[in-house]
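Please read the structure below before turning to the comments.
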Amino acid sequence: MTIPRDNAWCEINTGKPITGKDAGLMLCHDCRKVIPCPEDGSPVKCPRCCASVHLRKADSVTYTWALVITSLILLFPANLLPIMQVDYMGVQDYSTIMDGIIYFFKEGSYGIAIVILTASVLVPVFKILGIMMVLLSIHFRWESWLRHKTIMFRFIEFIGRWSMLDIFVIALLTALVNFGFFSTISAASAATYFCGVVISTMLAAITFDTRLIWDACIPSENTKVRNK
Amino acid sequence: MEKPITKKKRGISPIWILPIVALAIGLWLLYRGITERPIKVIVHFHSAQGLTAGKTKVMYKGIPIGYVKDITVDKGLDSVSATLAMSPETKEGLVKDVKFWIVRPEITAGRINGLETLLSGSYIAVQPGHSKIPCREFHGLDEPPPVPETAPGLHIRLKTDALNSIQKGSYIYYRDIQVGTVQDYKMTGNKGIIINAYIEPEYRNLVKPGSRFWNASGITLSGGLSGIKFHMESLSTLISGGISFYTPEVLMDEPPAENGHVFKLYDDYEAAEYGIKVLLKMETGEDMVEGLTKVIYRGIEVGRIKKIVLNQDDRKYKVTAQLTLDPMAQPILKTGTRFWVIRPKVAASGIKNLGALVSGPYITFLPGKGDPCYEFVVQGSHSKEILKSGTFYRLRASDLSSLAPGAPIRFKHIQVGEIASYKLNPDNSVDLVFIIYDRYVRLMNKNCVFWNYSGMNLKVTPAEVSLKTDAINAILAGGIAFDYPHRLYGKRLKPAKPGQRFKLYKSFQDALKHAPGLMPAGIFVKLETSDPVAVSEGSPVYYKNVKVGEITGIYLDTKRDKIVLAAYIEKKFQGFIRNTTRFYLTSGVKIRGSIRTGLDIQTPPLAAIMMGSVEFMNPEETRTGKKIKSGQVFRLYEDREEALAANYLPVTIHFPPGINVDVNARIRHQGVEIGYVRDVLFEHGMNAIMVKGLVKKSAASLFTTGSKVWVVRQQFGIAGIRHLDTLVTGPYINVKAGPGEPCTDIMGLSSPPAVCEVKSGLNIIAEADNLGSLKKDCPVYYRRVKVGRITGYELAPDARKVWVHINIEEPYTPLIRSNTKFWNASGIRVDAGLFSGIDVKTETIEAILAGGIAFATPEGEEMGTRVSAGHHFILNEKADDDWLEWKPAIALKR
């Protein structure tokens, strides 16, 4: 019997939908020992290797919320304050992220402008909004678009590593354009906040457990147990 | 299944610290953003050129204090409003009289401003105000505002009639240093322009109420015959205008000018009367030009005549010139200072003050001592300022000659001092004051003798000019030379006292008479002559054409009616003078010559030709004579010949009339000159000629009672031309020694003696019937080789024969034997016969032409013995045939 690739999960689900959680088992991530879930859902340690073992990532939602909110706050100074300081012939000039994007648009370098716009503005905003949406869907147990949400989350995780583009550019320019009086480029305060935004969104993506998306919409005893 | 280790859950997760921290940062940033919100200020400008919204900064003292947020056009479109976002710190400063202006890059000839704005763009500059009323709306200025009256520094006003090229921002210079700027200017009715000027605080002390300001813009060119004056300020003032000022030194102690002091702005440097006013009274204003005639001190222009006015009240000094002198001349202006006018002087003695010829006459002065004084009288230029330091001495002269102040004092042609001044004494002698420069003062001692150098050089002699060209300077400049006796050189002498008086001699010769020691070491000799001499004092004395001394004096010995010349001989040539030395006069060129000896042209040095000279010679090369002492008296011969002949032996020769001998004809013996004819006289009765000659003492032995003397002149004959040289040199007198007592009074022959005894060889006599074509000197042949000659002929005492004297030359004498046959070899002999044919016999061609004698000696025993001198042979008409066949072997004398 061949199972079509697209329907594999459906085919599996149509059978006995058994998860570890449903079976009351969890896996030690270090030594791969299967451990029974504790009754009260309190944190446990692997009896074999003493690693922390949890059914789902501990306090995943809380952590993710905190990090997402942090990044949301930092997003404002990161975009409003100047990120780069250019000293050209003794004249200082500050530019924010948007200044740079506008500059490139005006210059006609639309490609570069779009890249910067995407990497520096859209991606962080998209990440924050995406994670928040996933979190809200868990919170309110929205059952639609589960798979799409998961795919979106994977994309957020994937793109996270590219959001430091601006910082890389500034770091490069700082190193390359250093001609003393004639012209110098250095990072300004917004760079720190921008780093904060990127780091906290990446951490938020890491701390989030995607299985919770599914947990939220599959009512089971175990879920109830966890929710106790 | 093993039970997992359970752990109790804690309260609120610590992760919430992160959003709280972020929130705190955010809030703080927000707070700061609100509190430090820029202050909005609106400034109205005429033009927003160079302003960029969001970019253009507001700068104050180089620090950005805000930026242009927005630019809009005002209603009415006559101005623009720039909305400035000023940093909150400026809140207190934004008061009513704050001034804003746009700084744009400005590059003009005068200056470059706001160069930084080329790159950074224009910016808005701010000048703070002093008002207390806050204000948020301003009117911007088009250009930088003037320095406010309240700013530290000096604010002065300058009054002028015309602005010329002065602009706002033109600089004010003090000694070419920029000390301030022109702030602005305004018209004051029709009266003129008031310029507001600002002097920087650190320079405000330079401006005194007495300071002079003048317009330093551009080039000032004024000129005339006396010179063109070109005055140019710095290049920037040339274009953008500028003001200079000067504060005289005397005013430097005065309090500085107050703010608001009004100064007059003069049109130029000259008009600013940059200098000290001095009044100069003079008898005439001739050559003086207002504004151009300079006052020059030691070659430096220190001022000019500003104005010349007529004096009504002064009888002598009718003209008063107002001088403007450079303030640095201030210390010179004392009562003792003397002014005079330098005019160009073109005279035969030279051109003086050539510069003045081109630049016009100028006024110069000699600083004196005394109290400060600003009024002087022009005086004669009797004195010249001595520019070098030295010691002064005095000279007394009978007249000034060509000397003038400044004329050099020379010692060995080196200028060691100069004449400072002169004055006429009551006794009409002249007193000269001269200076000897410090480094030469050691030369001055009591033995110094001074003479007029210029006088001596007026007698330009060829020798002097050609040998010492530097003397030309002295000729032109005149001067005084001095020296002291040479024997004192190198000795420690008592130095002359400063101010000591010396006598000035007219010439070196004059000085020499009084101080003979001036001549370098050497000796003096006296030369006596009775004839007038063509030499003068200073004429050179030569020895072998080398100058060894000179004539230092010529005197007339009235007692003996002789001219005595004092001659000085340098020490190194002293040794050539012996008591046998003969001095003679040289002048002119002497040419002697003959075909044999070539031309002998004797030219004394050029100087000697021109001015006459004395030479001396030593008759014998070996210095036989004794050394002499100074003062030795010599006879001065008239010429070299006479000198040479001084110890010749006088001889007298009496010739029959008809001889042709001139004075100076040579007297020779065997071709060698032994003397010459001094005089040719007629003897008493006019029928004989008496020749007086001088001959060398060594040739005296030739003159005996038996000597033969005759005159040799050229001979033309068929056998040759003889004594051709006498054509040029004239006939000479030949002397042939003879036996007898020495005698200096001998008879001469009218023609050469027929027989000449020749001492060498063998003299024999051939007896011929007639002389034929034989002559004296005809050859004698042996086998056609010439072995002798006919030395003469004479009739035999009995007149039956002719005795032909033959001399056989030395190596051939053995050929003559007792049986030797002689025959006449002259001519051609032709024997013709019907059967014998023609037989032609000749000796050499010369013998054919001139005649000759041949001889032959028999062979073997027949030849006979050797003959002694004077042996007689027969001279045959012709040779026998068998004679010609004799071939005796005879050893010749070799």
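Residue numbers start at 1 in each chain; chains themselves are named A, B, ... in the order of the structure tokens; ligands are numbered from 1 in the order shown.
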
| request: Compute the set of chain A residues within 7 Å of chain B, using only C-alpha atoms, and express it as a list in words. | output: Ile35, Pro38, Ser42, Pro43, Val44, Lys45, Cys46, Pro47, Tyr63, Ala66, Leu67, Ile69, Thr70, Ile73, Leu74, Pro77 and Val91 of chain A

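With distances restricted to only C-alpha atoms, A:Cys28 is the closest residue to Ser52 of chain A from A:Lys127, A:Cys28, A:Gly108, A:Thr96.
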
| task | Could you please write out, as a PyMOL selection string, every residue of segment 17-166 of chain A that DSSP assigns to strand (DSSP E)? | result | chain A and resi 25-27+34-36+44-45+52-53+84-88+91-95

With N, CA, C and O atoms kept, could you save the residues just selected as a compact mmCIF listing (two decimals), in the first residue's frame?
# COMPACT_ATOMS: atom_id res chain seq x y z
N LEU A 25 3.43 9.07 28.24
CA LEU A 25 4.87 8.85 28.21
C LEU A 25 5.58 10.13 27.70
O LEU A 25 5.00 10.91 26.95
N MET A 26 6.80 10.24 28.17
CA MET A 26 7.62 11.35 27.60
C MET A 26 9.05 10.87 27.45
O MET A 26 9.46 9.85 28.01
N LEU A 27 9.75 11.61 26.70
CA LEU A 27 11.08 11.15 26.25
C LEU A 27 12.16 12.07 26.86
O LEU A 27 12.01 13.29 26.88
N VAL A 34 12.47 6.60 27.71
CA VAL A 34 11.03 6.89 27.78
C VAL A 34 10.61 6.85 29.25
O VAL A 34 10.92 5.90 29.99
N ILE A 35 9.98 7.93 29.63
CA ILE A 35 9.63 8.07 31.05
C ILE A 35 8.12 8.29 31.14
O ILE A 35 7.56 9.02 30.30
N PRO A 36 7.47 7.74 32.09
CA PRO A 36 6.04 8.02 32.25
C PRO A 36 5.82 9.44 32.76
O PRO A 36 6.65 9.96 33.54
N VAL A 44 10.13 16.95 36.09
CA VAL A 44 10.80 15.74 36.52
C VAL A 44 12.18 15.71 35.91
O VAL A 44 12.48 16.47 34.99
N LYS A 45 12.96 14.78 36.47
CA LYS A 45 14.29 14.58 35.93
C LYS A 45 14.44 13.14 35.49
O LYS A 45 13.82 12.24 36.06
N SER A 52 16.68 17.30 32.88
CA SER A 52 15.29 17.71 33.06
C SER A 52 14.47 17.12 31.93
O SER A 52 14.84 17.22 30.75
N VAL A 53 13.41 16.53 32.30
CA VAL A 53 12.53 15.92 31.30
C VAL A 53 11.17 16.57 31.45
O VAL A 53 10.69 16.81 32.55
N MET A 84 23.04 54.57 12.67
CA MET A 84 24.38 54.69 12.12
C MET A 84 24.81 56.15 12.18
O MET A 84 24.02 57.05 11.91
N GLN A 85 26.06 56.35 12.55
CA GLN A 85 26.60 57.72 12.58
C GLN A 85 27.70 57.83 11.54
O GLN A 85 28.64 57.06 11.56
N VAL A 86 27.54 58.79 10.63
CA VAL A 86 28.55 58.97 9.57
C VAL A 86 29.24 60.31 9.81
O VAL A 86 28.59 61.34 9.86
N ASP A 87 30.53 60.24 9.99
CA ASP A 87 31.32 61.48 10.08
C ASP A 87 32.00 61.67 8.74
O ASP A 87 32.83 60.86 8.34
N TYR A 88 31.62 62.75 8.07
CA TYR A 88 32.22 62.98 6.75
C TYR A 88 32.81 64.37 6.77
O TYR A 88 32.13 65.37 6.91
N VAL A 91 31.88 66.51 9.59
CA VAL A 91 30.45 66.79 9.79
C VAL A 91 29.76 65.49 10.16
O VAL A 91 29.86 64.49 9.45
N GLN A 92 29.05 65.51 11.27
CA GLN A 92 28.38 64.30 11.74
C GLN A 92 27.01 64.18 11.10
O GLN A 92 26.31 65.18 10.91
N ASP A 93 26.66 62.99 10.78
CA ASP A 93 25.33 62.77 10.21
C ASP A 93 24.80 61.47 10.78
O ASP A 93 25.49 60.44 10.76
N TYR A 94 23.58 61.54 11.33
CA TYR A 94 22.96 60.34 11.89
C TYR A 94 21.90 59.86 10.91
O TYR A 94 21.24 60.66 10.25
N SER A 95 21.74 58.56 10.86
CA SER A 95 20.64 58.08 10.01
C SER A 95 19.94 56.89 10.68
O SER A 95 20.61 56.03 11.26

Spatial neighbours of Met252 of chain B, 8 Å, only C-alpha atoms, chain gap at least 4 places, as a short mmCIF file (atom, residue, chain, number, x, y, z; two decimals) with C-alpha atoms, in the first residue's frame:
data_model
loop_
_atom_site.label_atom_id
_atom_site.label_comp_id
_atom_site.auth_asym_id
_atom_site.auth_seq_id
_atom_site.Cartn_x
_atom_site.Cartn_y
_atom_site.Cartn_z
CA LEU B 206 47.92 99.62 19.49
CA LYS B 208 46.07 105.54 20.26
CA THR B 247 51.06 104.57 15.77
CA PRO B 248 54.27 106.53 16.16
#

Find the residues around Gly538 of chain B up to 9 Å (only C-alpha atoms counted), leave out those fewer than 6 positions away in its own chain, and share them as a compact mmCIF listing (two decimals) with C-alpha atoms, in the first residue's frame.
# COMPACT_ATOMS: atom_id res chain seq x y z
CA GLN B 509 109.29 112.20 -5.40
CA GLU B 550 114.24 104.45 -11.05
CA ILE B 551 115.45 107.97 -11.27
CA THR B 552 114.44 109.71 -8.13
CA GLY B 553 115.79 113.12 -8.79

| said: Taking 3 positions as the minimum chain separation for residues in the same chain, which residues sit within 8 Å of segment 660-672 of chain B when counting only C-alpha atoms? Answer as an MDAnalysis selection string. | reply: chainID B and resid 675:680 693 695 711 729:736

Take the residues from that selection and put them in a file with all heavy atoms, as a short mmCIF file (atom, residue, chain, number, x, y, z; two decimals), in the first residue's frame.
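The resulting file, out25.cif, is reproduced below:
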data_model
loop_
_atom_site.label_atom_id
_atom_site.label_comp_id
_atom_site.auth_asym_id
_atom_site.auth_seq_id
_atom_site.Cartn_x
_atom_site.Cartn_y
_atom_site.Cartn_z
N GLY B 675 136.13 97.44 -33.79
CA GLY B 675 135.94 98.82 -33.37
C GLY B 675 135.11 99.54 -34.40
O GLY B 675 134.50 98.91 -35.27
N TYR B 676 135.04 100.85 -34.26
CA TYR B 676 134.22 101.60 -35.20
C TYR B 676 134.78 103.01 -35.35
O TYR B 676 135.61 103.45 -34.56
CB TYR B 676 132.76 101.61 -34.75
CG TYR B 676 132.52 102.38 -33.48
CD1 TYR B 676 131.99 103.67 -33.54
CD2 TYR B 676 132.80 101.82 -32.24
CE1 TYR B 676 131.77 104.37 -32.39
CE2 TYR B 676 132.58 102.52 -31.09
CZ TYR B 676 132.05 103.80 -31.15
OH TYR B 676 131.84 104.51 -30.01
N VAL B 677 134.28 103.64 -36.35
CA VAL B 677 134.77 104.98 -36.66
C VAL B 677 133.97 105.97 -35.84
O VAL B 677 132.74 105.97 -35.86
CB VAL B 677 134.60 105.26 -38.17
CG1 VAL B 677 134.96 106.70 -38.49
CG2 VAL B 677 135.44 104.30 -38.98
N ARG B 678 134.65 106.75 -35.12
CA ARG B 678 133.98 107.75 -34.31
C ARG B 678 133.79 109.04 -35.08
O ARG B 678 132.80 109.73 -34.90
CB ARG B 678 134.81 108.06 -33.05
CG ARG B 678 134.67 107.06 -31.96
CD ARG B 678 133.37 107.27 -31.20
NE ARG B 678 133.39 108.46 -30.41
CZ ARG B 678 132.32 109.19 -30.15
NH1 ARG B 678 131.16 108.84 -30.67
NH2 ARG B 678 132.38 110.28 -29.41
N ASP B 679 134.76 109.32 -35.91
CA ASP B 679 134.74 110.63 -36.55
C ASP B 679 135.55 110.58 -37.85
O ASP B 679 136.50 109.81 -37.97
CB ASP B 679 135.37 111.67 -35.61
CG ASP B 679 134.73 113.04 -35.80
OD1 ASP B 679 133.92 113.17 -36.76
OD2 ASP B 679 135.03 113.93 -35.00
N VAL B 680 135.12 111.31 -38.80
CA VAL B 680 135.85 111.42 -40.06
C VAL B 680 136.13 112.92 -40.29
O VAL B 680 135.20 113.71 -40.34
CB VAL B 680 135.05 110.83 -41.24
CG1 VAL B 680 135.83 110.96 -42.52
CG2 VAL B 680 134.68 109.39 -40.95
N GLY B 693 138.99 106.48 -34.93
CA GLY B 693 138.21 105.28 -34.57
C GLY B 693 138.50 104.85 -33.16
O GLY B 693 139.43 105.31 -32.52
N VAL B 695 138.87 101.27 -31.05
CA VAL B 695 139.00 99.82 -31.20
C VAL B 695 139.16 99.20 -29.83
O VAL B 695 139.60 99.84 -28.89
CB VAL B 695 140.20 99.43 -32.09
CG1 VAL B 695 139.96 99.88 -33.52
CG2 VAL B 695 141.48 100.01 -31.55
N VAL B 711 140.13 100.51 -46.89
CA VAL B 711 138.68 100.53 -46.85
C VAL B 711 138.15 99.45 -47.78
O VAL B 711 138.61 99.32 -48.92
CB VAL B 711 138.13 101.91 -47.27
CG1 VAL B 711 136.62 101.87 -47.37
CG2 VAL B 711 138.60 102.96 -46.30
N THR B 729 125.73 97.77 -45.15
CA THR B 729 126.36 98.31 -43.94
C THR B 729 127.29 99.47 -44.25
O THR B 729 127.72 100.16 -43.34
CB THR B 729 127.18 97.22 -43.24
OG1 THR B 729 128.18 96.75 -44.14
CG2 THR B 729 126.29 96.06 -42.83
N GLY B 730 127.56 99.65 -45.50
CA GLY B 730 128.53 100.67 -45.84
C GLY B 730 129.94 100.09 -45.80
O GLY B 730 130.15 99.00 -45.25
N PRO B 731 130.84 100.79 -46.38
CA PRO B 731 132.23 100.28 -46.39
C PRO B 731 132.76 100.16 -44.97
O PRO B 731 132.28 100.85 -44.07
CB PRO B 731 132.99 101.35 -47.17
CG PRO B 731 131.96 102.14 -47.88
CD PRO B 731 130.73 102.09 -47.07
N TYR B 732 133.64 99.28 -44.82
CA TYR B 732 134.28 99.18 -43.51
C TYR B 732 135.78 99.27 -43.67
O TYR B 732 136.30 99.20 -44.78
CB TYR B 732 133.86 97.91 -42.77
CG TYR B 732 134.23 96.61 -43.44
CD1 TYR B 732 135.48 96.03 -43.20
CD2 TYR B 732 133.33 95.95 -44.26
CE1 TYR B 732 135.82 94.83 -43.80
CE2 TYR B 732 133.65 94.75 -44.85
CZ TYR B 732 134.90 94.18 -44.63
OH TYR B 732 135.24 93.01 -45.21
N ILE B 733 136.40 99.40 -42.58
CA ILE B 733 137.86 99.55 -42.60
C ILE B 733 138.44 98.23 -42.15
O ILE B 733 138.07 97.70 -41.11
CB ILE B 733 138.31 100.69 -41.67
CG1 ILE B 733 137.80 102.01 -42.23
CG2 ILE B 733 139.81 100.68 -41.49
CD1 ILE B 733 137.98 103.18 -41.30
N ASN B 734 139.29 97.70 -42.98
CA ASN B 734 139.93 96.44 -42.65
C ASN B 734 141.35 96.73 -42.15
O ASN B 734 142.03 97.62 -42.65
CB ASN B 734 139.96 95.55 -43.90
CG ASN B 734 140.03 94.09 -43.49
OD1 ASN B 734 140.08 93.78 -42.30
ND2 ASN B 734 140.06 93.21 -44.46
N VAL B 735 141.69 95.98 -41.17
CA VAL B 735 143.02 96.18 -40.59
C VAL B 735 143.80 94.89 -40.74
O VAL B 735 143.27 93.81 -40.48
CB VAL B 735 142.89 96.54 -39.09
CG1 VAL B 735 144.27 96.71 -38.46
CG2 VAL B 735 142.08 97.81 -38.91
N LYS B 736 145.01 95.03 -41.21
CA LYS B 736 145.86 93.85 -41.34
C LYS B 736 147.10 94.12 -40.50
O LYS B 736 147.73 95.18 -40.61
CB LYS B 736 146.24 93.65 -42.80
CG LYS B 736 146.93 92.35 -43.08
CD LYS B 736 147.17 92.23 -44.55
CE LYS B 736 147.84 90.96 -45.00
NZ LYS B 736 148.57 90.21 -44.08
#

| field | Non-local contacts of Lys307 of chain B (7 Å; only C-alpha atoms; under 2 positions in same chain excluded) as an NGL selection string | value | :B and (290-291 or 305 or 309 or 321-322)

| said: Can you tell me which residues surround Ile409 of chain B at a distance of at most 7 Å, considering only C-alpha atoms, apart from same-chain residues fewer than 2 positions away, and format the answer as a list in words? | reply: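 Those residues are Ala407, Phe411, Gln415, Val416, Gly417, Glu418, Ile419, Gly479, Ile480 and Ala481 of chain B.
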
Grab the residues selected above and save them as a CSV table (one decimal), in the first residue's frame with all heavy atoms.
chain,number,residue,atom,x,y,z
B,407,ALA,N,88.1,110.9,-0.3
B,407,ALA,CA,89.2,110.4,-1.1
B,407,ALA,C,90.0,109.4,-0.3
B,407,ALA,O,90.1,109.6,1.0
B,407,ALA,CB,90.1,111.5,-1.5
B,411,PHE,N,97.8,102.8,1.5
B,411,PHE,CA,99.1,102.3,2.0
B,411,PHE,C,99.4,101.1,1.1
B,411,PHE,O,98.6,100.1,1.2
B,411,PHE,CB,99.0,101.9,3.5
B,411,PHE,CG,100.3,101.4,4.0
B,411,PHE,CD1,101.4,102.3,4.4
B,411,PHE,CD2,100.5,100.0,4.2
B,411,PHE,CE1,102.5,101.8,4.9
B,411,PHE,CE2,101.7,99.6,4.7
B,411,PHE,CZ,102.7,100.4,5.0
B,415,GLN,N,93.4,100.7,0.4
B,415,GLN,CA,92.8,101.8,1.0
B,415,GLN,C,92.7,101.5,2.5
B,415,GLN,O,92.1,100.5,2.9
B,415,GLN,CB,91.4,102.0,0.5
B,415,GLN,CG,90.8,103.3,1.1
B,415,GLN,CD,89.5,103.7,0.5
B,415,GLN,OE1,89.0,103.1,-0.4
B,415,GLN,NE2,88.8,104.6,1.1
B,416,VAL,N,93.3,102.3,3.3
B,416,VAL,CA,93.3,102.1,4.7
B,416,VAL,C,92.6,103.2,5.5
B,416,VAL,O,92.4,103.2,6.7
B,416,VAL,CB,94.7,102.0,5.3
B,416,VAL,CG1,95.5,100.8,4.7
B,416,VAL,CG2,95.5,103.3,5.0
B,417,GLY,N,92.1,104.2,4.7
B,417,GLY,CA,91.4,105.3,5.4
B,417,GLY,C,90.8,106.2,4.4
B,417,GLY,O,90.9,105.9,3.2
B,418,GLU,N,90.3,107.3,4.8
B,418,GLU,CA,89.8,108.3,3.8
B,418,GLU,C,89.8,109.7,4.5
B,418,GLU,O,90.0,109.8,5.7
B,418,GLU,CB,88.4,107.9,3.4
B,418,GLU,CG,87.4,107.8,4.5
B,418,GLU,CD,86.1,107.2,4.1
B,418,GLU,OE1,85.2,108.0,3.6
B,418,GLU,OE2,85.9,106.0,4.1
B,419,ILE,N,89.7,110.6,3.6
B,419,ILE,CA,89.7,112.0,4.0
B,419,ILE,C,88.3,112.3,4.6
B,419,ILE,O,87.3,112.0,3.9
B,419,ILE,CB,90.1,112.9,2.9
B,419,ILE,CG1,91.5,112.6,2.5
B,419,ILE,CG2,89.9,114.4,3.3
B,419,ILE,CD1,92.0,113.3,1.2
B,479,GLY,N,93.7,110.9,-4.1
B,479,GLY,CA,93.9,110.2,-2.8
B,479,GLY,C,95.3,110.6,-2.3
B,479,GLY,O,96.0,111.3,-2.9
B,480,ILE,N,95.5,110.0,-1.2
B,480,ILE,CA,96.7,110.2,-0.5
B,480,ILE,C,97.4,108.9,-0.2
B,480,ILE,O,96.6,107.9,0.2
B,480,ILE,CB,96.5,111.0,0.8
B,480,ILE,CG1,96.1,112.5,0.5
B,480,ILE,CG2,97.7,111.0,1.8
B,480,ILE,CD1,95.6,113.2,1.7
B,481,ALA,N,98.6,108.8,-0.4
B,481,ALA,CA,99.3,107.6,0.0
B,481,ALA,C,100.3,107.9,1.1
B,481,ALA,O,100.7,109.0,1.2
B,481,ALA,CB,100.1,107.0,-1.3
